[in-house]
$ cat entry_28.tsv   # TSV, C-alpha atoms and all ligand atoms
chain	number	residue	atom	x	y	z
O	15	MET	CA	-154.04	-139.85	-140.44
O	16	THR	CA	-155.29	-141.73	-137.34
O	17	ARG	CA	-158.94	-140.84	-136.73
O	18	LEU	CA	-159.52	-139.88	-133.09
O	19	LYS	CA	-162.27	-141.52	-131.10
O	20	THR	CA	-164.52	-139.76	-128.60
O	21	GLY	CA	-162.79	-141.66	-125.80
O	22	ASP	CA	-159.40	-140.20	-126.81
O	23	ILE	CA	-160.60	-136.63	-126.15
O	24	ALA	CA	-163.47	-136.99	-123.66
O	25	ASP	CA	-161.56	-135.53	-120.67
O	26	ILE	CA	-159.76	-132.68	-122.43
O	27	LYS	CA	-162.23	-129.83	-122.05
O	28	ASP	CA	-162.64	-130.34	-118.28
O	29	GLU	CA	-158.94	-130.81	-117.52
O	30	LEU	CA	-157.15	-128.03	-119.38
O	31	ALA	CA	-155.98	-126.33	-116.18
O	32	GLU	CA	-154.46	-129.58	-114.91
O	33	PHE	CA	-152.87	-130.20	-118.32
O	34	ASP	CA	-151.33	-126.71	-118.18
O	35	SER	CA	-149.78	-127.30	-114.77
O	36	ARG	CA	-148.32	-130.65	-115.91
O	37	LEU	CA	-146.99	-128.96	-119.05
O	38	VAL	CA	-145.37	-126.20	-117.00
O	39	SER	CA	-143.66	-128.81	-114.81
O	40	LYS	CA	-142.26	-130.55	-117.92
O	41	THR	CA	-141.47	-127.63	-120.20
O	42	GLY	CA	-141.72	-124.45	-118.15
O	43	CYS	CA	-144.46	-123.31	-120.55
O	44	THR	CA	-148.22	-123.17	-120.49
O	45	LEU	CA	-150.08	-124.43	-123.57
O	46	ARG	CA	-150.36	-120.83	-124.81
O	47	GLY	CA	-146.68	-120.13	-124.14
O	48	LEU	CA	-145.51	-123.31	-125.88
O	49	ALA	CA	-147.77	-122.65	-128.88
O	50	ARG	CA	-146.46	-119.09	-129.22
O	51	ARG	CA	-142.84	-120.27	-129.08
O	52	ALA	CA	-143.52	-123.01	-131.66
O	53	ALA	CA	-145.30	-120.53	-133.94
O	54	GLY	CA	-142.46	-118.02	-133.60
O	55	VAL	CA	-144.73	-115.43	-132.03
O	56	GLU	CA	-143.03	-113.30	-129.38
O	57	GLU	CA	-145.04	-112.86	-126.18
O	58	SER	CA	-144.66	-109.10	-126.57
O	59	THR	CA	-146.11	-109.05	-130.09
O	60	ALA	CA	-148.68	-111.81	-129.54
O	61	ARG	CA	-152.18	-110.46	-129.61
O	62	ASN	CA	-152.22	-110.66	-125.81
O	63	THR	CA	-155.81	-109.61	-125.87
O	64	SER	CA	-156.32	-112.67	-128.09
O	65	GLY	CA	-159.87	-112.23	-126.87
O	66	ASP	CA	-160.21	-109.88	-129.86
O	67	VAL	CA	-159.72	-112.88	-132.15
O	68	ARG	CA	-162.92	-114.83	-132.74
O	69	VAL	CA	-162.64	-118.54	-133.58
O	70	GLY	CA	-165.54	-120.31	-135.32
O	71	VAL	CA	-165.50	-124.12	-135.06
O	72	THR	CA	-167.62	-125.98	-137.63
O	73	PRO	CA	-168.49	-129.68	-137.30
O	74	ILE	CA	-168.02	-131.60	-140.56
O	75	SER	CA	-170.31	-134.58	-141.13
O	76	TRP	CA	-169.00	-136.07	-144.34
O	77	GLY	CA	-166.54	-139.00	-144.47
O	78	GLY	CA	-166.39	-140.83	-141.12
O	79	GLY	CA	-168.85	-138.36	-139.64
O	80	ILE	CA	-168.88	-136.11	-136.62
O	81	ILE	CA	-166.78	-137.24	-133.61
O	82	GLY	CA	-168.75	-136.74	-130.40
O	83	GLY	CA	-167.23	-133.87	-128.38
O	84	PHE	CA	-164.61	-132.97	-131.00
O	85	SER	CA	-165.90	-129.48	-131.89
O	86	GLN	CA	-166.69	-128.60	-128.28
O	87	THR	CA	-163.17	-129.72	-127.30
O	88	LEU	CA	-161.64	-127.48	-129.97
O	89	LYS	CA	-163.72	-124.57	-128.66
O	90	SER	CA	-162.57	-125.25	-125.08
O	91	ILE	CA	-158.92	-125.22	-126.18
O	92	ALA	CA	-159.44	-121.91	-128.00
O	93	VAL	CA	-161.14	-120.35	-124.95
O	94	HIS	CA	-158.37	-121.70	-122.69
O	95	MET	CA	-155.86	-119.96	-125.00
O	96	GLY	CA	-157.71	-116.65	-124.49
O	97	PHE	CA	-159.61	-116.57	-127.78
O	98	ASP	CA	-163.30	-115.74	-128.20
O	99	ALA	CA	-164.73	-118.98	-129.64
O	100	PHE	CA	-167.99	-120.63	-130.67
O	101	VAL	CA	-169.19	-123.85	-132.31
O	102	THR	CA	-171.57	-123.22	-135.20
O	103	ARG	CA	-175.09	-124.59	-134.73
O	104	ALA	CA	-175.04	-125.96	-138.26
O	105	SER	CA	-172.46	-128.32	-139.72
O	106	ASP	CA	-170.72	-128.41	-143.11
O	107	VAL	CA	-171.49	-125.66	-145.65
O	108	ALA	CA	-174.27	-124.10	-143.56
O	109	GLY	CA	-171.88	-124.09	-140.60
O	110	LEU	CA	-169.14	-122.35	-142.57
O	111	ALA	CA	-171.63	-119.72	-143.73
O	112	GLU	CA	-172.73	-119.25	-140.11
O	113	ALA	CA	-169.11	-118.81	-138.98
O	114	PHE	CA	-168.65	-116.05	-141.56
O	115	GLU	CA	-171.98	-114.42	-140.58
O	116	ARG	CA	-170.90	-114.49	-136.90
O	117	LYS	CA	-167.70	-112.71	-137.94
O	118	ALA	CA	-165.16	-115.40	-137.15
O	119	ASP	CA	-161.54	-114.31	-137.70
O	120	VAL	CA	-160.32	-117.94	-137.70
O	121	LEU	CA	-162.23	-120.95	-139.06
O	122	LEU	CA	-161.45	-124.34	-137.49
O	123	MET	CA	-162.67	-127.61	-139.00
O	124	ALA	CA	-161.64	-131.19	-139.80
O	125	ASP	CA	-162.71	-133.99	-142.09
O	126	ASP	CA	-160.96	-137.36	-142.34
O	127	GLU	CA	-158.25	-136.01	-144.63
O	128	ARG	CA	-157.36	-132.62	-143.17
O	129	PHE	CA	-157.71	-130.61	-139.95
O	130	VAL	CA	-157.13	-126.92	-140.67
O	131	ALA	CA	-157.28	-123.46	-139.13
O	132	MET	CA	-157.86	-120.70	-141.68
O	133	GLY	CA	-157.21	-117.02	-141.05
O	134	VAL	CA	-160.01	-115.08	-142.79
O	135	GLN	CA	-158.10	-111.80	-143.23
O	136	SER	CA	-154.63	-113.32	-143.66
O	137	ARG	CA	-155.92	-116.08	-145.96
O	138	ARG	CA	-153.42	-118.32	-144.09
O	139	VAL	CA	-154.23	-122.07	-143.98
O	140	VAL	CA	-152.55	-123.88	-141.09
O	141	ASP	CA	-152.45	-127.68	-141.18
O	142	ASN	CA	-152.70	-129.77	-138.02
O	143	GLY	CA	-149.84	-132.08	-139.05
O	144	ASP	CA	-147.28	-129.31	-139.47
O	145	ALA	CA	-148.48	-127.45	-136.38
O	146	THR	CA	-148.42	-130.60	-134.24
O	147	GLY	CA	-144.89	-131.46	-135.35
O	148	LYS	CA	-143.71	-127.94	-134.51
O	149	GLY	CA	-145.39	-127.96	-131.13
O	150	PHE	CA	-143.89	-131.30	-130.05
O	151	ALA	CA	-140.42	-130.37	-131.30
O	152	GLU	CA	-140.67	-127.18	-129.26
O	153	GLY	CA	-141.85	-129.17	-126.25
O	154	LEU	CA	-138.88	-131.54	-126.56
O	155	ASP	CA	-136.51	-128.55	-126.75
O	156	ARG	CA	-137.96	-127.21	-123.54
O	157	MET	CA	-138.06	-130.58	-121.73
O	158	ALA	CA	-134.49	-131.51	-122.70
O	159	GLY	CA	-133.00	-128.13	-121.84
O	160	GLY	CA	-132.29	-127.03	-125.41
O	161	LEU	CA	-131.64	-129.08	-128.58
O	162	ASN	CA	-129.11	-126.80	-130.28
O	163	GLY	CA	-126.21	-128.98	-131.50
O	164	ARG	CA	-127.91	-132.21	-130.33
O	165	SER	CA	-129.17	-135.21	-132.32
O	166	VAL	CA	-132.88	-136.03	-132.35
O	167	PHE	CA	-134.39	-139.25	-133.69
O	168	VAL	CA	-137.77	-138.74	-135.42
O	169	ILE	CA	-139.94	-141.80	-136.09
O	170	GLY	CA	-142.51	-141.22	-138.83
O	171	CYS	CA	-141.97	-139.09	-141.97
O	172	GLY	CA	-145.54	-137.96	-142.57
O	173	PRO	CA	-146.83	-134.38	-142.11
O	174	VAL	CA	-146.24	-134.42	-138.33
O	175	GLY	CA	-142.70	-135.78	-138.69
O	176	LEU	CA	-141.92	-133.21	-141.39
O	177	GLY	CA	-143.27	-130.37	-139.21
O	178	ALA	CA	-141.15	-131.62	-136.33
O	179	VAL	CA	-137.95	-131.85	-138.40
O	180	LYS	CA	-138.48	-128.31	-139.77
O	181	ARG	CA	-138.73	-126.97	-136.23
O	182	LEU	CA	-135.75	-129.09	-135.06
O	183	VAL	CA	-133.57	-127.66	-137.83
O	184	ARG	CA	-134.58	-124.12	-136.81
O	185	LEU	CA	-133.70	-125.03	-133.20
O	186	GLY	CA	-130.21	-126.08	-134.33
O	187	ALA	CA	-130.71	-129.83	-133.83
O	188	MET	CA	-129.49	-132.59	-136.14
O	189	ALA	CA	-132.43	-134.81	-137.14
O	190	SER	CA	-132.26	-138.46	-138.06
O	191	VAL	CA	-135.45	-140.06	-139.32
O	192	TYR	CA	-137.04	-143.45	-139.84
O	193	ASP	CA	-140.24	-144.60	-141.55
O	194	ILE	CA	-141.35	-148.09	-142.59
O	195	ASP	CA	-141.81	-146.55	-146.03
O	196	ARG	CA	-138.28	-145.61	-147.14
O	197	ASP	CA	-139.65	-143.37	-149.91
O	198	ARG	CA	-141.23	-141.13	-147.26
O	199	CYS	CA	-137.81	-140.71	-145.64
O	200	GLU	CA	-136.35	-139.66	-148.98
O	201	ASP	CA	-139.26	-137.29	-149.63
O	202	LEU	CA	-138.75	-135.67	-146.22
O	203	ARG	CA	-135.01	-135.37	-146.74
O	204	ARG	CA	-135.55	-133.69	-150.14
O	205	GLU	CA	-138.11	-131.25	-148.69
O	206	ILE	CA	-135.79	-130.25	-145.82
O	207	LYS	CA	-132.95	-129.70	-148.30
O	208	ARG	CA	-135.23	-127.64	-150.55
O	209	SER	CA	-136.91	-125.52	-147.89
O	210	LEU	CA	-134.16	-125.12	-145.28
O	211	ASP	CA	-130.98	-126.19	-147.12
O	212	ALA	CA	-130.32	-128.62	-144.28
O	213	ASP	CA	-129.42	-132.31	-144.21
O	214	VAL	CA	-131.28	-135.12	-142.51
O	215	ARG	CA	-129.82	-138.56	-141.76
O	216	ILE	CA	-131.97	-141.59	-142.59
O	217	GLU	CA	-131.79	-144.37	-139.99
O	218	LYS	CA	-131.82	-147.91	-141.37
O	219	ASP	CA	-132.14	-149.66	-137.99
O	220	PRO	CA	-134.75	-148.08	-135.69
O	221	GLU	CA	-133.87	-150.41	-132.82
O	222	ALA	CA	-130.21	-149.29	-132.85
O	223	ALA	CA	-131.31	-145.65	-133.16
O	224	LEU	CA	-133.68	-145.98	-130.19
O	225	LEU	CA	-130.85	-147.44	-128.09
O	226	ARG	CA	-128.40	-144.73	-129.19
O	227	ARG	CA	-130.47	-141.53	-129.22
O	228	ARG	CA	-131.41	-139.59	-126.09
O	229	CYS	CA	-134.00	-137.23	-127.65
O	230	ILE	CA	-136.81	-138.91	-129.56
O	231	ILE	CA	-139.95	-137.75	-131.36
O	232	ASP	CA	-142.51	-140.44	-132.18
O	233	ALA	CA	-144.70	-139.11	-134.99
O	234	SER	CA	-145.95	-142.52	-136.13
O	235	PRO	CA	-149.18	-144.50	-135.61
O	236	ALA	CA	-147.06	-147.58	-134.82
O	237	GLY	CA	-147.97	-147.94	-131.15
O	238	ASP	CA	-145.92	-150.20	-128.79
O	239	LEU	CA	-142.62	-149.35	-130.48
O	240	ILE	CA	-140.67	-148.05	-127.49
O	241	HIS	CA	-139.91	-150.43	-124.62
O	242	GLU	CA	-138.29	-150.32	-121.18
O	243	ARG	CA	-134.83	-151.18	-122.65
O	244	HIS	CA	-134.94	-147.93	-124.64
O	245	ILE	CA	-135.48	-145.73	-121.60
O	246	SER	CA	-132.25	-144.61	-119.93
O	247	PRO	CA	-132.21	-141.82	-117.27
O	248	ASP	CA	-131.34	-139.12	-119.81
O	249	VAL	CA	-133.91	-140.04	-122.49
O	250	PHE	CA	-136.61	-137.48	-123.41
O	251	ILE	CA	-139.55	-138.46	-125.63
O	252	SER	CA	-142.02	-136.15	-127.35
O	253	ALA	CA	-144.84	-138.29	-128.76
O	254	PRO	CA	-147.61	-136.79	-130.91
O	255	GLY	CA	-148.21	-140.22	-132.47
O	256	MET	CA	-151.54	-141.93	-131.76
O	257	PRO	CA	-151.70	-144.50	-130.22
O	258	LEU	CA	-148.84	-143.72	-127.80
O	259	ALA	CA	-145.78	-145.71	-128.87
O	260	LEU	CA	-144.53	-146.52	-125.35
O	261	SER	CA	-145.28	-149.80	-123.59
O	262	ALA	CA	-146.65	-149.58	-120.05
O	263	ALA	CA	-143.21	-150.40	-118.60
O	264	ALA	CA	-141.58	-147.70	-120.73
O	265	ARG	CA	-144.19	-145.16	-119.60
O	266	GLU	CA	-143.53	-146.10	-115.98
O	267	LYS	CA	-139.76	-145.73	-116.40
O	268	ILE	CA	-139.68	-142.44	-118.31
O	269	SER	CA	-142.00	-140.70	-115.79
O	270	ASN	CA	-142.00	-136.92	-116.39
O	271	ARG	CA	-139.68	-136.94	-119.43
O	272	LEU	CA	-142.53	-137.81	-121.82
O	273	LEU	CA	-144.77	-135.36	-123.68
O	274	HIS	CA	-147.89	-136.92	-125.19
O	275	ASP	CA	-151.23	-135.40	-126.16
O	276	PRO	CA	-153.84	-136.28	-128.83
O	277	LEU	CA	-155.13	-132.81	-129.73
O	278	ARG	CA	-154.32	-129.82	-127.45
O	279	ILE	CA	-150.79	-128.93	-128.55
O	280	GLY	CA	-151.45	-129.17	-132.30
O	281	THR	CA	-154.67	-127.18	-132.03
O	282	ALA	CA	-153.00	-124.50	-129.89
O	283	VAL	CA	-150.20	-123.98	-132.43
O	284	MET	CA	-152.74	-123.89	-135.29
O	285	LEU	CA	-154.74	-121.16	-133.56
O	286	VAL	CA	-151.72	-118.96	-132.80
O	287	GLU	CA	-150.44	-119.30	-136.37
O	288	ALA	CA	-153.84	-118.69	-137.99
O	289	ALA	CA	-154.44	-115.64	-135.75
O	290	LYS	CA	-151.22	-113.94	-136.90
O	291	LYS	CA	-152.11	-110.70	-138.64
O	292	ARG	CA	-149.62	-111.13	-141.48
P	301	LIG	C1	-157.78	-134.06	-135.69
P	301	LIG	C2	-157.15	-135.36	-135.41
P	301	LIG	C3	-155.70	-135.37	-135.06
P	301	LIG	C4	-155.33	-136.71	-135.46
P	301	LIG	N1	-156.24	-137.24	-136.27
P	301	LIG	C5	-157.22	-136.31	-136.60
P	301	LIG	C6	-158.63	-136.86	-136.76
P	301	LIG	O1	-159.13	-137.56	-135.93
P	301	LIG	N2	-159.24	-136.45	-137.88
P	301	LIG	C7	-160.65	-136.72	-138.12
P	301	LIG	C8	-161.45	-135.60	-137.47
P	301	LIG	C9	-162.92	-135.71	-137.88
P	301	LIG	C10	-163.75	-134.65	-137.19
P	301	LIG	C11	-165.22	-134.69	-137.61
P	301	LIG	C12	-166.00	-133.64	-136.83
P	301	LIG	O2	-166.44	-133.96	-135.70
P	301	LIG	O3	-166.12	-132.52	-137.34
P	301	LIG	N3	-165.37	-134.45	-139.08
$ encode --input "entry_28.tsv" --output "structure tokens"
Amino acid sequence: MTRLKTGDIADIKDELAEFDSRLVSKTGCTLRGLARRAAGVEESTARNTSGDVRVGVTPISWGGGIIGGFSQTLKSIAVHMGFDAFVTRASDVAGLAEAFERKADVLLMADDERFVAMGVQSRRVVDNGDATGKGFAEGLDRMAGGLNGRSVFVIGCGPVGLGAVKRLVRLGAMASVYDIDRDRCEDLRREIKRSLDADVRIEKDPEAALLRRRCIIDASPAGDLIHERHISPDVFISAPGMPLALSAAAREKISNRLLHDPLRIGTAVMLVEAAKKR
């Protein structure tokens, strides 16, 4: 998992309204609306007064240590989504105890291995990788005008890629995947067969796939993988991967048909899923 740096997230908490308006122009959804669609939560049943759901964010100091602004950014995303949220004064075990004492319904925390949202009553554990993949697949569906019956090329077969392919299958899309580690492609294909009884095609030549496919999800840490030659007028790219895989020329050419974000979309889907009552 790529470890975020303070610089990657420094602007998020002060620009959530602007992010929402850009997201609406690309997908027709706000962050809350996209997260609810990705989590399969109908607007009507969503706990619209999500203000009655309290989110406790706990900084975790072990491993690579606390990332400056990370917990406060998570809190700002939760508040933007309509949740009641706080960052515990203490970190680690003392912080978790504080979150329970302050009656959090959802616990949110990350170390270097996992970033999870845990529903206290539901005992549901929601992983950032799966939630991020779902959120970006949903965003691609919205940007591209519906993926049912269409082919989507997914780069990266880790937790984010797997989450994306699961959502793509549910949206009726045909997924083809590539990873530099062929075993991860096979593992993903087996998991999709087991869990959804669906097939996934494994791409052997990513360059040919990038030139052929019009809907692309980059869920890899590769960076600088997608160039101007890959961007035709009808290409849509949803890119949860950090760093962003598009070259400067590719970013210029794709303009509004690119969805990229280091933290908001995954966190929003995690919160909606963890807040589900059952
Ligand atoms: C959560 C992000 C998404 C991508 N990579 C993940 C990452 O950077 N993980 C490490 C997060 C460490 C947070 C630190 C803190 O400030 O609580 N333990």
$ closest_residue --input "entry_28.tsv" --among "O:Arg128, O:Arg46, O:His274, O:Arg203" --to "Ile74 (chain O)" --atoms "all atoms listed in the file"
O:Arg128
$ residues_near_ligand --input "entry_28.tsv" --ligand "ligand LIG 301 (chain P)" --cutoff "9 Å" --atoms "all atoms listed in the file" --output "PDB file with C-alpha atoms, in the coordinates of the input"
ATOM      1  CA  MET O  15    -154.040-139.850-140.440  1.00  0.00           C
ATOM      2  CA  THR O  16    -155.290-141.730-137.340  1.00  0.00           C
ATOM      3  CA  ARG O  17    -158.940-140.840-136.730  1.00  0.00           C
ATOM      4  CA  LEU O  18    -159.520-139.880-133.090  1.00  0.00           C
ATOM      5  CA  LYS O  19    -162.270-141.520-131.100  1.00  0.00           C
ATOM      6  CA  VAL O  71    -165.500-124.120-135.060  1.00  0.00           C
ATOM      7  CA  THR O  72    -167.620-125.980-137.630  1.00  0.00           C
ATOM      8  CA  PRO O  73    -168.490-129.680-137.300  1.00  0.00           C
ATOM      9  CA  ILE O  74    -168.020-131.600-140.560  1.00  0.00           C
ATOM     10  CA  SER O  75    -170.310-134.580-141.130  1.00  0.00           C
ATOM     11  CA  TRP O  76    -169.000-136.070-144.340  1.00  0.00           C
ATOM     12  CA  GLY O  77    -166.540-139.000-144.470  1.00  0.00           C
ATOM     13  CA  GLY O  78    -166.390-140.830-141.120  1.00  0.00           C
ATOM     14  CA  GLY O  79    -168.850-138.360-139.640  1.00  0.00           C
ATOM     15  CA  ILE O  80    -168.880-136.110-136.620  1.00  0.00           C
ATOM     16  CA  ILE O  81    -166.780-137.240-133.610  1.00  0.00           C
ATOM     17  CA  GLY O  82    -168.750-136.740-130.400  1.00  0.00           C
ATOM     18  CA  GLY O  83    -167.230-133.870-128.380  1.00  0.00           C
ATOM     19  CA  PHE O  84    -164.610-132.970-131.000  1.00  0.00           C
ATOM     20  CA  SER O  85    -165.900-129.480-131.890  1.00  0.00           C
ATOM     21  CA  SER O 105    -172.460-128.320-139.720  1.00  0.00           C
ATOM     22  CA  ASP O 106    -170.720-128.410-143.110  1.00  0.00           C
ATOM     23  CA  MET O 123    -162.670-127.610-139.000  1.00  0.00           C
ATOM     24  CA  ALA O 124    -161.640-131.190-139.800  1.00  0.00           C
ATOM     25  CA  ASP O 125    -162.710-133.990-142.090  1.00  0.00           C
ATOM     26  CA  ASP O 126    -160.960-137.360-142.340  1.00  0.00           C
ATOM     27  CA  GLU O 127    -158.250-136.010-144.630  1.00  0.00           C
ATOM     28  CA  ARG O 128    -157.360-132.620-143.170  1.00  0.00           C
ATOM     29  CA  PHE O 129    -157.710-130.610-139.950  1.00  0.00           C
ATOM     30  CA  VAL O 130    -157.130-126.920-140.670  1.00  0.00           C
ATOM     31  CA  ASN O 142    -152.700-129.770-138.020  1.00  0.00           C
ATOM     32  CA  GLY O 143    -149.840-132.080-139.050  1.00  0.00           C
ATOM     33  CA  THR O 146    -148.420-130.600-134.240  1.00  0.00           C
ATOM     34  CA  PRO O 254    -147.610-136.790-130.910  1.00  0.00           C
ATOM     35  CA  GLY O 255    -148.210-140.220-132.470  1.00  0.00           C
ATOM     36  CA  MET O 256    -151.540-141.930-131.760  1.00  0.00           C
ATOM     37  CA  PRO O 276    -153.840-136.280-128.830  1.00  0.00           C
ATOM     38  CA  LEU O 277    -155.130-132.810-129.730  1.00  0.00           C
ATOM     39  CA  GLY O 280    -151.450-129.170-132.300  1.00  0.00           C
ATOM     40  CA  THR O 281    -154.670-127.180-132.030  1.00  0.00           C
TER      41      THR O 281
END
$ residues_around --input "entry_28.tsv" --residues "Ile26 (chain O)" --least-positions-apart "4" --cutoff "10 Å" --atoms "all atoms listed in the file" --output "PDB file with C-alpha atoms, keeping the file's coordinate frame"
ATOM      1  CA  ASP O  22    -159.400-140.200-126.810  1.00  0.00           C
ATOM      2  CA  LEU O  30    -157.150-128.030-119.380  1.00  0.00           C
ATOM      3  CA  ALA O  31    -155.980-126.330-116.180  1.00  0.00           C
ATOM      4  CA  GLU O  32    -154.460-129.580-114.910  1.00  0.00           C
ATOM      5  CA  PHE O  33    -152.870-130.200-118.320  1.00  0.00           C
ATOM      6  CA  GLY O  83    -167.230-133.870-128.380  1.00  0.00           C
ATOM      7  CA  PHE O  84    -164.610-132.970-131.000  1.00  0.00           C
ATOM      8  CA  GLN O  86    -166.690-128.600-128.280  1.00  0.00           C
ATOM      9  CA  THR O  87    -163.170-129.720-127.300  1.00  0.00           C
ATOM     10  CA  LEU O  88    -161.640-127.480-129.970  1.00  0.00           C
ATOM     11  CA  SER O  90    -162.570-125.250-125.080  1.00  0.00           C
ATOM     12  CA  ILE O  91    -158.920-125.220-126.180  1.00  0.00           C
ATOM     13  CA  ASP O 275    -151.230-135.400-126.160  1.00  0.00           C
ATOM     14  CA  PRO O 276    -153.840-136.280-128.830  1.00  0.00           C
ATOM     15  CA  LEU O 277    -155.130-132.810-129.730  1.00  0.00           C
ATOM     16  CA  ARG O 278    -154.320-129.820-127.450  1.00  0.00           C
TER      17      ARG O 278
END
$ closest_atom_pairs --input "entry_28.tsv" --of "region 124-164 of chain O" --to "region 181-200 of chain O" --cutoff "9 Å" --atoms "all atoms listed in the file" --output "CSV"
residue,atom,partner,partner_atom,distance
O:Gly147,CA,O:Arg181,CA,7.7
O:Lys148,CA,O:Arg181,CA,5.4
O:Gly149,CA,O:Arg181,CA,8.4
O:Ala151,CA,O:Leu182,CA,6.1
O:Glu152,CA,O:Arg181,CA,7.2
O:Asp155,CA,O:Leu185,CA,7.9
O:Gly160,CA,O:Leu185,CA,8.2
O:Leu161,CA,O:Ala187,CA,5.4
O:Asn162,CA,O:Gly186,CA,4.3
O:Gly163,CA,O:Ala187,CA,5.1
O:Arg164,CA,O:Ala187,CA,5.1
$ atom_distance --input "entry_28.tsv" --atom1 "CA of Glu266 (chain O)" --atom2 "CA of Ser165 (chain O)"
24.3 Å
$ atom_distance --input "entry_28.tsv" --atom1 "CA of Leu122 (chain O)" --atom2 "CA of Leu45 (chain O)"
18.0 Å
$ atom_distance --input "entry_28.tsv" --atom1 "CA of Ala282 (chain O)" --atom2 "CA of Thr41 (chain O)"
15.4 Å
$ decode --input "entry_28.tsv" --residues "region 180-200 of chain O" --atoms "N, CA and C atoms" --output "short mmCIF file (atom, residue, chain, number, x, y, z; two decimals), in the first residue's frame"
data_model
loop_
_atom_site.label_atom_id
_atom_site.label_comp_id
_atom_site.auth_asym_id
_atom_site.auth_seq_id
_atom_site.Cartn_x
_atom_site.Cartn_y
_atom_site.Cartn_z
N LYS O 180 -15.07 -6.26 -8.55
CA LYS O 180 -16.34 -6.74 -7.95
C LYS O 180 -17.48 -5.78 -8.29
N ARG O 181 -17.21 -4.49 -8.18
CA ARG O 181 -18.27 -3.51 -8.47
C ARG O 181 -18.59 -3.51 -9.96
N LEU O 182 -17.55 -3.62 -10.81
CA LEU O 182 -17.76 -3.64 -12.27
C LEU O 182 -18.65 -4.81 -12.67
N VAL O 183 -18.40 -5.97 -12.08
CA VAL O 183 -19.22 -7.15 -12.41
C VAL O 183 -20.67 -6.88 -12.03
N ARG O 184 -20.87 -6.28 -10.86
CA ARG O 184 -22.25 -5.98 -10.41
C ARG O 184 -22.91 -4.93 -11.30
N LEU O 185 -22.07 -4.09 -11.95
CA LEU O 185 -22.61 -3.07 -12.86
C LEU O 185 -22.81 -3.62 -14.26
N GLY O 186 -22.48 -4.89 -14.47
CA GLY O 186 -22.71 -5.54 -15.76
C GLY O 186 -21.58 -5.35 -16.76
N ALA O 187 -20.42 -4.90 -16.27
CA ALA O 187 -19.28 -4.67 -17.18
C ALA O 187 -18.44 -5.95 -17.28
N MET O 188 -17.66 -6.03 -18.40
CA MET O 188 -16.71 -7.13 -18.54
C MET O 188 -15.33 -6.58 -18.18
N ALA O 189 -14.69 -7.16 -17.20
CA ALA O 189 -13.39 -6.64 -16.73
C ALA O 189 -12.25 -7.44 -17.34
N SER O 190 -11.24 -6.69 -17.81
CA SER O 190 -9.96 -7.34 -18.13
C SER O 190 -8.93 -6.70 -17.22
N VAL O 191 -7.95 -7.51 -16.79
CA VAL O 191 -7.03 -7.02 -15.75
C VAL O 191 -5.59 -7.26 -16.14
N TYR O 192 -4.71 -6.43 -15.56
CA TYR O 192 -3.27 -6.62 -15.74
C TYR O 192 -2.58 -6.28 -14.43
N ASP O 193 -1.53 -7.03 -14.12
CA ASP O 193 -0.65 -6.72 -12.99
C ASP O 193 0.75 -7.23 -13.36
N ILE O 194 1.77 -6.52 -12.88
CA ILE O 194 3.14 -6.98 -13.22
C ILE O 194 3.39 -8.35 -12.60
N ASP O 195 2.63 -8.64 -11.54
CA ASP O 195 2.74 -9.97 -10.90
C ASP O 195 1.58 -10.82 -11.41
N ARG O 196 1.85 -11.72 -12.31
CA ARG O 196 0.82 -12.54 -12.98
C ARG O 196 0.01 -13.35 -11.98
N ASP O 197 0.69 -13.76 -10.89
CA ASP O 197 -0.03 -14.56 -9.86
C ASP O 197 -1.19 -13.75 -9.26
N ARG O 198 -0.98 -12.44 -9.13
CA ARG O 198 -2.06 -11.61 -8.55
C ARG O 198 -3.26 -11.55 -9.50
N CYS O 199 -2.98 -11.61 -10.79
CA CYS O 199 -4.10 -11.66 -11.77
C CYS O 199 -4.89 -12.94 -11.59
N GLU O 200 -4.15 -14.04 -11.46
CA GLU O 200 -4.81 -15.35 -11.28
C GLU O 200 -5.59 -15.39 -9.97
#
